[in-house]
Every structure is written in structure tokens, then in C-alpha cells.
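Data file: input-v1.json. Format and content: JSON, C-alpha atoms.
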[["chain", "number", "residue", "atom", "x", "y", "z"],
["A", 1, "MET", "CA", 76.49, 42.46, -133.83],
["A", 2, "ALA", "CA", 77.32, 45.65, -131.97],
["A", 3, "SER", "CA", 73.75, 46.84, -132.50],
["A", 4, "VAL", "CA", 72.42, 43.80, -130.63],
["A", 5, "SER", "CA", 74.70, 44.44, -127.64],
["A", 6, "VAL", "CA", 73.83, 48.15, -127.67],
["A", 7, "GLY", "CA", 70.15, 47.27, -127.82],
["A", 8, "ARG", "CA", 70.50, 44.93, -124.86],
["A", 9, "ALA", "CA", 72.38, 47.59, -122.90],
["A", 10, "VAL", "CA", 69.62, 50.13, -123.59],
["A", 11, "LEU", "CA", 66.92, 47.67, -122.53],
["A", 12, "THR", "CA", 68.84, 46.82, -119.35],
["A", 13, "ALA", "CA", 69.26, 50.51, -118.49],
["A", 14, "ALA", "CA", 65.59, 51.24, -119.25],
["A", 15, "THR", "CA", 64.53, 48.34, -117.02],
["A", 16, "GLU", "CA", 66.69, 49.67, -114.18],
["A", 17, "VAL", "CA", 65.17, 53.15, -114.50],
["A", 18, "MET", "CA", 61.62, 51.79, -114.63],
["A", 19, "ASN", "CA", 62.23, 49.63, -111.56],
["A", 20, "ALA", "CA", 63.64, 52.62, -109.68],
["A", 21, "ALA", "CA", 60.65, 54.73, -110.73],
["A", 22, "LEU", "CA", 58.20, 52.07, -109.56],
["A", 23, "ALA", "CA", 60.03, 51.68, -106.25],
["A", 24, "ALA", "CA", 59.74, 55.45, -105.72],
["A", 25, "GLY", "CA", 56.02, 55.39, -106.48],
["A", 26, "GLY", "CA", 56.28, 56.81, -109.99],
["A", 27, "THR", "CA", 56.44, 60.39, -111.21],
["A", 28, "SER", "CA", 53.49, 62.57, -110.22],
["A", 29, "PHE", "CA", 53.23, 66.15, -111.43],
["A", 30, "ASP", "CA", 49.65, 66.81, -110.35],
["A", 31, "ALA", "CA", 46.85, 65.45, -108.17],
["A", 32, "LEU", "CA", 45.43, 63.28, -110.98],
["A", 33, "TYR", "CA", 48.27, 60.78, -110.71],
["A", 34, "VAL", "CA", 48.42, 59.36, -107.20],
["A", 35, "ASN", "CA", 48.40, 55.88, -105.70],
["A", 36, "ILE", "CA", 45.37, 54.25, -104.06],
["A", 37, "ASN", "CA", 46.20, 56.04, -100.80],
["A", 38, "GLY", "CA", 46.25, 59.43, -102.53],
["A", 39, "ALA", "CA", 50.03, 59.81, -102.24],
["A", 40, "SER", "CA", 52.20, 61.15, -105.07],
["A", 41, "GLY", "CA", 55.27, 59.36, -106.31],
["A", 42, "TYR", "CA", 58.75, 60.65, -105.57],
["A", 43, "PHE", "CA", 60.68, 59.69, -108.71],
["A", 44, "ASP", "CA", 60.41, 63.24, -110.08],
["A", 45, "ARG", "CA", 63.09, 64.19, -107.55],
["A", 46, "SER", "CA", 65.47, 61.95, -109.51],
["A", 47, "LEU", "CA", 64.92, 63.73, -112.83],
["A", 48, "ALA", "CA", 68.09, 65.67, -113.59],
["A", 49, "VAL", "CA", 66.94, 67.88, -116.48],
["A", 50, "TYR", "CA", 63.15, 67.75, -116.68],
["A", 51, "GLY", "CA", 61.79, 71.29, -116.77],
["A", 52, "GLN", "CA", 65.31, 72.76, -116.90],
["A", 53, "ALA", "CA", 65.25, 74.19, -120.46],
["A", 54, "ASP", "CA", 68.15, 76.57, -121.15],
["A", 55, "ARG", "CA", 69.73, 75.87, -117.75],
["A", 56, "PRO", "CA", 73.16, 74.19, -117.65],
["A", 57, "CYS", "CA", 73.36, 70.41, -117.74],
["A", 58, "PRO", "CA", 74.45, 69.18, -114.30],
["A", 59, "ARG", "CA", 77.02, 66.91, -115.95],
["A", 60, "CYS", "CA", 78.66, 69.09, -118.63],
["A", 61, "GLY", "CA", 77.21, 72.62, -118.41],
["A", 62, "THR", "CA", 75.64, 72.65, -121.90],
["A", 63, "PRO", "CA", 72.21, 74.34, -121.95],
["A", 64, "ILE", "CA", 69.34, 71.85, -121.69],
["A", 65, "ARG", "CA", 67.19, 71.49, -124.81],
["A", 66, "ARG", "CA", 63.37, 71.36, -124.66],
["A", 67, "GLU", "CA", 61.56, 69.51, -127.44],
["A", 68, "PRO", "CA", 57.78, 69.91, -127.44],
["A", 69, "PHE", "CA", 55.75, 67.04, -128.86],
["A", 70, "MET", "CA", 51.95, 66.69, -128.88],
["A", 71, "ASN", "CA", 51.23, 68.78, -125.77],
["A", 72, "ARG", "CA", 54.18, 67.31, -123.87],
["A", 73, "SER", "CA", 57.87, 68.12, -123.66],
["A", 74, "SER", "CA", 61.08, 66.17, -123.56],
["A", 75, "PHE", "CA", 64.22, 67.66, -122.02],
["A", 76, "SER", "CA", 67.76, 66.54, -122.79],
["A", 77, "CYS", "CA", 71.35, 67.66, -123.00],
["A", 78, "PRO", "CA", 72.47, 67.90, -126.63],
["A", 79, "ARG", "CA", 76.02, 67.04, -125.62],
["A", 80, "CYS", "CA", 75.43, 64.15, -123.18],
["A", 81, "GLN", "CA", 72.40, 62.80, -125.06],
["A", 82, "PRO", "CA", 73.01, 63.53, -128.75],
["A", 83, "ARG", "CA", 70.47, 62.54, -131.35],
["A", 84, "PRO", "CA", 71.31, 59.35, -133.22],
["A", 85, "ARG", "CA", 73.02, 59.83, -136.56],
["A", 86, "ARG", "CA", 71.11, 58.86, -139.65],
["A", 87, "PRO", "CA", 72.64, 55.95, -141.59],
["A", 88, "HIS", "CA", 74.26, 56.81, -144.92],
["A", 89, "GLY", "CA", 71.89, 56.71, -147.87],
["A", 90, "PHE", "CA", 68.85, 58.13, -146.07]]

Encoding of this model in C-alpha cells:
Amino acid sequence: MASVSVGRAVLTAATEVMNAALAAGGTSFDALYVNINGASGYFDRSLAVYGQADRPCPRCGTPIRREPFMNRSSFSCPRCQPRPRRPHGF
């Protein structure tokens, strides 16, 4: 049942991040995404590695990895945020 507890932990962490993002007004990278008063959100200031490809991870120093996907990009540290391992037999 470890997978259930891990799943719950991930959902709890994701909920905390989403709540923090909403409290900060969201993440706005251009003028298209503003609130009803025309103000941008401030959560982008909390993003540790977004847009930091090849720069050192602030936690461990490993170069940040950029992964493009359908006209967007995801940024992560391969050491602090490793890809999940595939189960045996796949």
C-alpha cells in the first residue's frame, strides 16, 4: 500500500502548490493572462528552475534539464526530480 500513501502525499503537495499559486494570483508570463483588474500574478517569482536550462539547480548544483513538449517546456533537475523508473516487464 506504499503506492497509495505516495499518491496521497503527491496530491497533498500538489494541492499546497496550487493554493499558494492561487493566493499569489497565478503565474503570468505575458499580458494575455491577467486578473479582472489587469494585474499579473506573482507566483512566477516562486519558480525555482523555470527557464533556467543548463544553469545549476539551486538545491544540488546539477544542470537544469529542459524538456520541450507541444510548444511548451518543462524544466527540472535530473538529480532532485528523477524520472520514475519503469516497472520490470515493460

Check: Closest to A:Pro56 among A:Gly7, A:Pro68, A:Pro78, A:Gly41, using only C-alpha atoms?
Finding: A:Pro78

Protein, DNA and RNA residues within 10 Å of (74.5, 62.8, -117.6), only C-alpha atoms, as a compact mmCIF listing (two decimals) with C-alpha atoms, keeping the file's coordinate frame:
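What follows is the written file point26.txt:
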# COMPACT_ATOMS: atom_id res chain seq x y z
CA ALA A 48 68.09 65.67 -113.59
CA VAL A 49 66.94 67.88 -116.48
CA CYS A 57 73.36 70.41 -117.74
CA PRO A 58 74.45 69.18 -114.30
CA ARG A 59 77.02 66.91 -115.95
CA CYS A 60 78.66 69.09 -118.63
CA SER A 76 67.76 66.54 -122.79
CA CYS A 77 71.35 67.66 -123.00
CA ARG A 79 76.02 67.04 -125.62
CA CYS A 80 75.43 64.15 -123.18
CA GLN A 81 72.40 62.80 -125.06

Work out where the centre of an axis-aligned box around every listed atom of stretch 54-65 of chain A lies and how long its edges are once 4 Å is added on each side; give both in Å to one decimal as JSON.
{"center_x": 72.9, "center_y": 71.7, "center_z": -119.6, "size_x": 19.5, "size_y": 17.7, "size_z": 18.5}

Next item on the list: Work out how far atom CA of A:Ala9 is from atom CA of A:Gln52, in Å to one decimal.
Entry: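 Result for atom CA of A:Gln52 versus atom CA of A:Ala9: 26.8 Å, one decimal.
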
Next item on the list: Find the residues near stretch 17-21 of chain A: any atom within 10 Å, counting all atoms listed in the file, skip ones fewer than 2 places away on the same chain, and give them as a list in words.
Entry: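 So the residues in contact are Leu11, Thr12, Ala13, Ala14, Thr15, Ala23, Ala24, Gly25, Gly26, Thr27, Gly41, Tyr42, Phe43, Asp44 and Ser46 of chain A.
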
Margin query: What does the structure give for the distance between atom CA of A:Pro63 and atom CA of A:Arg83, in Å to one decimal?
Written below: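 Distance reported for this atom pair: 15.2 Å.
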